[in-house]
Amino acid sequence: MNALLAQLGEPGGFEVFIDNLARTPLSKVVLFVGVCTVLRLAVFPYLTKTEPHRRGGAYRAARFFNEGLDALIYAAVVVFLLIRPFGIQAFRIPSGSMKDTLLENDFIIANKAVYRYTSPKSGDIVVFRPPAFACQPNQIDEDGEPKVDFIKRCIGVGGDLIEIRAGTLYRNGEPAQETYRRGENTFDFKLVQYDGTYEAWKGKFIPVINDFHGMPNYRSPIAKPFAVGLGAGANPNEPIGSDWKSPDELSEQERRLIDELESAPPARIPPGHYLMIGDNRQESFDGRFWGLVREQDIIGRSEFIWLPIKRIGKTR
């Protein structure tokens with residue numbers, strides 16, 4: 001708690017404080033409730049044994065302290081043990097990948113209950129746990145698990161065939177009406193179920209990007225994002241390549257792999273998986289690079305912005 005309060009004095013401290021408070025681990029919540037309960041039990045005998053004519057300032061202070069502990073215990077139990085796991089949760093937007101729908105440092109409320117009885121659909125703005133290989137090193141905990149959540153728009157669900165061709169996103173062969181999009185689709189994209197010569201990728205669903213307009217290595221879908229983001233079920237410990245490369249730096253195996261991926265037909269998204277892409281297409285590191293999101297990693301649907309006050313409203 002002291003660490004959380006100390007953040008209030010730092011630049012942007014209020015936003016960081018609210019975000020960290022909303023993300024407080026369950027173990028710390030249980031510890032906090034336990035400490036408050038012990039303190040309350042310690043004060044309670046004094047309150048019950050103090051005779052009415054001796055109930056002065058000390059007694060009133062103890063009673064106020066006891067009632068405050070009660071309020072904190074009830075609030076922690078209701079908010080962190082009931083509402084947050086099963087109902088709603090607050091999230092802070094950490095980047096500009098969803099502009100202009102969501103701006104950096106917007107606070108949104110995610111509906112976690114809705115996906116208990118239904119599944120995400122195209123157009124939903126979804127909070128989810130990203131694959132570990134989509135995260136930066138500072139976004140991974142000591143156990144190798146992501147300690148951040150991503151928020152993107154669901155572009156495709158199981159059974160959908162998603163492609164980006166010549167700047168237009170196609171869903172099942174039809175141009176999608178992307179009224180929310182900011183910027184152009186600057187490269188072509190397809191999802192491929194690999195069946196080539198590289199055994200480690202056999203059967204994997206791999207995102208393939210092509211025609212980077214004005215960017216280096218536009219022909220190589222085995223640059224860093226592809227080396228670690230191999231799609232649903234892929235093993236991030238089996239990369240080919242480690243960084244962006246120019247065409248003359250590619251090995252023979254890499255050249256063959258590029259040809260296989262470029263010539264492979266687009267694949268439909270497998271059941272139980274989703275393609276998430278940011279609205280701000282030119283500044284979003286998303287499923288076009290690292291692949292699909294599993295259903296078990298879905299957290300909730302963004303419903304509305306609650307901070308800053310001037311931006312309060314539903315998210316669409």
# chains A, B, ... in the order shown; residues from 1 in each chain; ligands from 1
$ residues_around --residues "segment 278-294 of chain A" --least-positions-apart "2" --cutoff "8 Å" --atoms "only C-alpha atoms" --output "compact mmCIF listing (two decimals) with N, CA, C and O atoms, in the first residue's frame"
# COMPACT_ATOMS: atom_id res chain seq x y z
N GLY A 96 -0.90 4.01 -27.93
CA GLY A 96 -1.78 4.61 -28.92
C GLY A 96 -2.26 3.65 -29.99
O GLY A 96 -2.72 4.09 -31.04
N SER A 97 -2.19 2.35 -29.74
CA SER A 97 -2.52 1.38 -30.78
C SER A 97 -4.00 1.34 -31.13
O SER A 97 -4.38 0.79 -32.17
N MET A 98 -4.87 1.95 -30.27
CA MET A 98 -6.31 1.95 -30.55
C MET A 98 -6.85 3.33 -30.86
O MET A 98 -8.06 3.55 -30.84
N LYS A 99 -5.96 4.31 -31.15
CA LYS A 99 -6.44 5.62 -31.55
C LYS A 99 -7.32 5.51 -32.79
O LYS A 99 -7.06 4.69 -33.65
N ASP A 100 -8.34 6.33 -32.95
CA ASP A 100 -8.83 7.34 -32.04
C ASP A 100 -9.95 6.82 -31.14
O ASP A 100 -10.56 7.58 -30.41
N THR A 101 -10.20 5.52 -31.20
CA THR A 101 -11.24 4.93 -30.37
C THR A 101 -10.88 5.05 -28.90
O THR A 101 -11.70 5.47 -28.07
N PHE A 128 -7.39 -8.88 -23.32
CA PHE A 128 -6.94 -10.27 -23.31
C PHE A 128 -5.50 -10.37 -22.82
O PHE A 128 -4.77 -9.39 -22.79
N PRO A 130 -1.91 -11.49 -23.63
CA PRO A 130 -1.19 -11.76 -24.88
C PRO A 130 -0.30 -12.99 -24.72
O PRO A 130 0.04 -13.39 -23.60
N PRO A 131 0.09 -13.59 -25.84
CA PRO A 131 1.11 -14.64 -25.74
C PRO A 131 2.42 -14.03 -25.24
O PRO A 131 2.72 -12.87 -25.51
N PHE A 133 5.40 -14.39 -26.16
CA PHE A 133 6.35 -13.95 -27.18
C PHE A 133 5.93 -12.66 -27.86
O PHE A 133 6.65 -12.14 -28.70
N ALA A 134 4.74 -12.12 -27.51
CA ALA A 134 4.32 -10.83 -28.04
C ALA A 134 4.71 -9.69 -27.10
O ALA A 134 4.45 -8.53 -27.40
N ILE A 151 -5.26 -4.70 -25.28
CA ILE A 151 -6.61 -4.39 -25.73
C ILE A 151 -6.56 -4.06 -27.21
O ILE A 151 -5.81 -3.18 -27.65
N LYS A 152 -7.32 -4.80 -28.01
CA LYS A 152 -7.39 -4.61 -29.45
C LYS A 152 -8.83 -4.87 -29.89
O LYS A 152 -9.68 -5.28 -29.11
N ARG A 153 -9.07 -4.67 -31.17
CA ARG A 153 -10.38 -4.98 -31.72
C ARG A 153 -10.37 -6.38 -32.33
O ARG A 153 -9.41 -6.76 -33.00
N TYR A 180 -13.93 2.49 -37.86
CA TYR A 180 -13.15 2.81 -36.67
C TYR A 180 -11.66 2.98 -36.97
O TYR A 180 -10.91 3.47 -36.15
N ARG A 181 -11.21 2.56 -38.14
CA ARG A 181 -9.79 2.47 -38.42
C ARG A 181 -9.15 3.84 -38.57
O ARG A 181 -9.72 4.74 -39.18
N ARG A 182 -7.95 3.98 -38.02
CA ARG A 182 -7.14 5.18 -38.24
C ARG A 182 -5.90 4.76 -39.04
O ARG A 182 -5.20 3.83 -38.67
N GLY A 183 -5.64 5.46 -40.12
CA GLY A 183 -4.49 5.13 -40.95
C GLY A 183 -4.81 4.03 -41.93
O GLY A 183 -5.87 3.41 -41.91
N GLU A 184 -3.86 3.76 -42.81
CA GLU A 184 -4.05 2.77 -43.86
C GLU A 184 -3.54 1.40 -43.42
O GLU A 184 -2.72 1.28 -42.52
N ASN A 185 -4.07 0.37 -44.08
CA ASN A 185 -3.46 -0.95 -43.96
C ASN A 185 -2.23 -0.94 -44.85
O ASN A 185 -2.32 -1.06 -46.06
N THR A 186 -1.06 -0.79 -44.24
CA THR A 186 0.15 -0.49 -45.02
C THR A 186 0.85 -1.72 -45.57
O THR A 186 1.87 -1.60 -46.23
N PHE A 189 -1.68 -8.95 -45.63
CA PHE A 189 -1.64 -9.91 -44.52
C PHE A 189 -2.51 -11.11 -44.86
O PHE A 189 -3.56 -10.99 -45.50
N PHE A 205 -0.47 -22.15 -37.23
CA PHE A 205 -1.12 -21.03 -37.92
C PHE A 205 -0.20 -19.82 -37.80
O PHE A 205 0.00 -19.28 -36.70
N ILE A 206 0.36 -19.41 -38.92
CA ILE A 206 1.41 -18.39 -38.92
C ILE A 206 0.92 -17.14 -39.63
O ILE A 206 0.41 -17.21 -40.75
N PRO A 207 1.07 -15.97 -38.99
CA PRO A 207 0.71 -14.71 -39.67
C PRO A 207 1.78 -14.37 -40.71
O PRO A 207 2.98 -14.45 -40.44
N VAL A 208 1.35 -14.01 -41.89
CA VAL A 208 2.27 -13.67 -42.97
C VAL A 208 1.97 -12.26 -43.44
O VAL A 208 0.84 -11.95 -43.84
N ILE A 209 2.97 -11.40 -43.35
CA ILE A 209 2.81 -10.04 -43.87
C ILE A 209 3.70 -9.87 -45.08
O ILE A 209 4.74 -10.51 -45.22
N PRO A 225 9.33 -10.28 -35.47
CA PRO A 225 7.98 -10.63 -35.01
C PRO A 225 7.58 -12.04 -35.40
O PRO A 225 6.88 -12.72 -34.66
N PHE A 226 8.04 -12.49 -36.57
CA PHE A 226 7.66 -13.82 -37.03
C PHE A 226 8.53 -14.89 -36.41
O PHE A 226 8.13 -16.03 -36.28
N VAL A 228 9.36 -14.98 -33.36
CA VAL A 228 8.84 -15.31 -32.02
C VAL A 228 7.33 -15.44 -32.00
O VAL A 228 6.77 -16.00 -31.08
N GLY A 229 6.64 -14.91 -33.00
CA GLY A 229 5.19 -14.96 -32.99
C GLY A 229 4.67 -15.91 -34.05
O GLY A 229 4.33 -15.51 -35.15
N LEU A 230 4.64 -17.18 -33.72
CA LEU A 230 4.35 -18.17 -34.73
C LEU A 230 2.89 -18.57 -34.79
O LEU A 230 2.52 -19.55 -35.42
N GLY A 231 2.03 -17.86 -34.09
CA GLY A 231 0.61 -18.17 -34.18
C GLY A 231 0.15 -19.17 -33.16
O GLY A 231 0.88 -19.59 -32.28
N ALA A 232 -1.09 -19.60 -33.30
CA ALA A 232 -1.73 -20.44 -32.30
C ALA A 232 -1.00 -21.75 -32.10
O ALA A 232 -0.81 -22.52 -33.03
N GLY A 272 -12.05 -21.52 -31.51
CA GLY A 272 -11.48 -21.18 -30.21
C GLY A 272 -10.33 -20.20 -30.26
O GLY A 272 -9.62 -20.03 -29.28
N HIS A 273 -10.14 -19.53 -31.39
CA HIS A 273 -9.08 -18.56 -31.54
C HIS A 273 -9.64 -17.29 -32.20
O HIS A 273 -10.65 -17.34 -32.90
N TYR A 274 -8.90 -16.17 -31.98
CA TYR A 274 -9.37 -14.87 -32.46
C TYR A 274 -8.19 -14.07 -32.99
O TYR A 274 -7.07 -14.18 -32.49
N LEU A 275 -8.48 -13.25 -34.00
CA LEU A 275 -7.48 -12.35 -34.55
C LEU A 275 -7.77 -10.95 -34.02
O LEU A 275 -8.86 -10.41 -34.25
N MET A 276 -6.81 -10.37 -33.29
CA MET A 276 -6.96 -9.05 -32.68
C MET A 276 -6.02 -8.06 -33.36
O MET A 276 -4.81 -8.31 -33.45
N GLN A 296 -9.23 -19.06 -24.00
CA GLN A 296 -8.99 -19.04 -22.56
C GLN A 296 -8.20 -17.82 -22.10
O GLN A 296 -8.09 -17.56 -20.90
N ASP A 297 -7.65 -17.06 -23.05
CA ASP A 297 -6.90 -15.85 -22.70
C ASP A 297 -7.74 -14.58 -22.82
O ASP A 297 -7.24 -13.48 -22.57
N ILE A 298 -9.00 -14.73 -23.17
CA ILE A 298 -9.89 -13.57 -23.26
C ILE A 298 -10.30 -13.15 -21.85
O ILE A 298 -10.69 -13.98 -21.01
$ residues_around --residues "Gly123 of chain A" --least-positions-apart "5" --cutoff "9 Å" --atoms "only C-alpha atoms" --output "list of chain:residue names"
A:Arg153, A:Cys154, A:Ile155, A:Gly156, A:Arg316
$ residues_around --residues "Ser27 of chain A" --least-positions-apart "4" --cutoff "12 Å" --atoms "only C-alpha atoms" --output "list in words"
Arg23, Leu31, Phe32, Val33, Gly34, Ala76, Phe80 and Leu81 of chain A
$ write_last_selection --atoms "all heavy atoms" --output "PDB file, in the first residue's frame"
ATOM      1  N   ARG A  23      -5.077  -3.619 -10.476  1.00  0.00           N
ATOM      2  CA  ARG A  23      -4.383  -4.868 -10.786  1.00  0.00           C
ATOM      3  C   ARG A  23      -3.823  -5.553  -9.544  1.00  0.00           C
ATOM      4  O   ARG A  23      -3.066  -6.525  -9.671  1.00  0.00           O
ATOM      5  CB  ARG A  23      -3.228  -4.590 -11.752  1.00  0.00           C
ATOM      6  CG  ARG A  23      -3.651  -4.103 -13.110  1.00  0.00           C
ATOM      7  CD  ARG A  23      -2.429  -3.693 -13.919  1.00  0.00           C
ATOM      8  NE  ARG A  23      -2.804  -3.232 -15.237  1.00  0.00           N
ATOM      9  CZ  ARG A  23      -2.955  -4.018 -16.291  1.00  0.00           C
ATOM     10  NH1 ARG A  23      -2.772  -5.320 -16.146  1.00  0.00           N
ATOM     11  NH2 ARG A  23      -3.312  -3.539 -17.462  1.00  0.00           N
ATOM     12  N   LEU A  31      -4.159 -10.866   1.987  1.00  0.00           N
ATOM     13  CA  LEU A  31      -3.303 -10.448   3.102  1.00  0.00           C
ATOM     14  C   LEU A  31      -3.840  -9.184   3.752  1.00  0.00           C
ATOM     15  O   LEU A  31      -3.900  -9.071   4.996  1.00  0.00           O
ATOM     16  CB  LEU A  31      -1.880 -10.232   2.606  1.00  0.00           C
ATOM     17  CG  LEU A  31      -0.864  -9.743   3.654  1.00  0.00           C
ATOM     18  CD1 LEU A  31      -0.716 -10.773   4.769  1.00  0.00           C
ATOM     19  CD2 LEU A  31       0.485  -9.467   2.991  1.00  0.00           C
ATOM     20  N   PHE A  32      -4.249  -8.214   2.944  1.00  0.00           N
ATOM     21  CA  PHE A  32      -4.802  -6.957   3.461  1.00  0.00           C
ATOM     22  C   PHE A  32      -6.059  -7.210   4.283  1.00  0.00           C
ATOM     23  O   PHE A  32      -6.225  -6.664   5.382  1.00  0.00           O
ATOM     24  CB  PHE A  32      -5.113  -6.025   2.284  1.00  0.00           C
ATOM     25  CG  PHE A  32      -5.774  -4.741   2.667  1.00  0.00           C
ATOM     26  CD1 PHE A  32      -5.057  -3.713   3.254  1.00  0.00           C
ATOM     27  CD2 PHE A  32      -7.136  -4.556   2.442  1.00  0.00           C
ATOM     28  CE1 PHE A  32      -5.675  -2.521   3.615  1.00  0.00           C
ATOM     29  CE2 PHE A  32      -7.760  -3.375   2.794  1.00  0.00           C
ATOM     30  CZ  PHE A  32      -7.028  -2.351   3.386  1.00  0.00           C
ATOM     31  N   VAL A  33      -6.960  -8.050   3.754  1.00  0.00           N
ATOM     32  CA  VAL A  33      -8.190  -8.376   4.486  1.00  0.00           C
ATOM     33  C   VAL A  33      -7.847  -9.070   5.797  1.00  0.00           C
ATOM     34  O   VAL A  33      -8.461  -8.796   6.846  1.00  0.00           O
ATOM     35  CB  VAL A  33      -9.110  -9.260   3.625  1.00  0.00           C
ATOM     36  CG1 VAL A  33     -10.259  -9.822   4.451  1.00  0.00           C
ATOM     37  CG2 VAL A  33      -9.656  -8.469   2.448  1.00  0.00           C
ATOM     38  N   GLY A  34      -6.863  -9.952   5.779  1.00  0.00           N
ATOM     39  CA  GLY A  34      -6.465 -10.654   6.999  1.00  0.00           C
ATOM     40  C   GLY A  34      -5.926  -9.712   8.064  1.00  0.00           C
ATOM     41  O   GLY A  34      -6.286  -9.818   9.245  1.00  0.00           O
ATOM     42  N   ALA A  76     -12.990  -4.611   0.042  1.00  0.00           N
ATOM     43  CA  ALA A  76     -12.000  -5.496  -0.567  1.00  0.00           C
ATOM     44  C   ALA A  76     -12.635  -6.809  -1.007  1.00  0.00           C
ATOM     45  O   ALA A  76     -12.367  -7.308  -2.111  1.00  0.00           O
ATOM     46  CB  ALA A  76     -10.851  -5.762   0.404  1.00  0.00           C
ATOM     47  N   PHE A  80     -12.714  -6.961  -4.943  1.00  0.00           N
ATOM     48  CA  PHE A  80     -11.606  -7.760  -5.455  1.00  0.00           C
ATOM     49  C   PHE A  80     -11.885  -9.258  -5.504  1.00  0.00           C
ATOM     50  O   PHE A  80     -11.242  -9.977  -6.262  1.00  0.00           O
ATOM     51  CB  PHE A  80     -10.350  -7.505  -4.610  1.00  0.00           C
ATOM     52  CG  PHE A  80      -9.754  -6.148  -4.824  1.00  0.00           C
ATOM     53  CD1 PHE A  80     -10.025  -5.112  -3.945  1.00  0.00           C
ATOM     54  CD2 PHE A  80      -8.934  -5.899  -5.913  1.00  0.00           C
ATOM     55  CE1 PHE A  80      -9.477  -3.860  -4.141  1.00  0.00           C
ATOM     56  CE2 PHE A  80      -8.391  -4.640  -6.119  1.00  0.00           C
ATOM     57  CZ  PHE A  80      -8.661  -3.616  -5.235  1.00  0.00           C
ATOM     58  N   LEU A  81     -12.814  -9.738  -4.676  1.00  0.00           N
ATOM     59  CA  LEU A  81     -13.079 -11.180  -4.656  1.00  0.00           C
ATOM     60  C   LEU A  81     -14.373 -11.554  -5.369  1.00  0.00           C
ATOM     61  O   LEU A  81     -14.588 -12.733  -5.662  1.00  0.00           O
ATOM     62  CB  LEU A  81     -13.118 -11.684  -3.211  1.00  0.00           C
ATOM     63  CG  LEU A  81     -11.848 -11.433  -2.385  1.00  0.00           C
ATOM     64  CD1 LEU A  81     -11.978 -12.070  -1.005  1.00  0.00           C
ATOM     65  CD2 LEU A  81     -10.612 -11.975  -3.094  1.00  0.00           C
TER      66      LEU A  81
END
$ residues_around --residues "Pro120 of chain A" --least-positions-apart "4" --cutoff "9 Å" --atoms "only C-alpha atoms" --output "list in words"
Val114, Tyr115, Asp124, Ile125, Val126, Cys154, Val157, Tyr274, Glu295, Ile298, Gly300 and Arg301 of chain A
$ closest_residue --among "A:Ile109, A:Ala42, A:Ala22, A:Leu169" --to "Val79 of chain A" --atoms "only C-alpha atoms"
A:Ala22
$ atom_distance --atom1 "atom CA of Val29 of chain A" --atom2 "atom CA of Glu104 of chain A"
27.6 Å
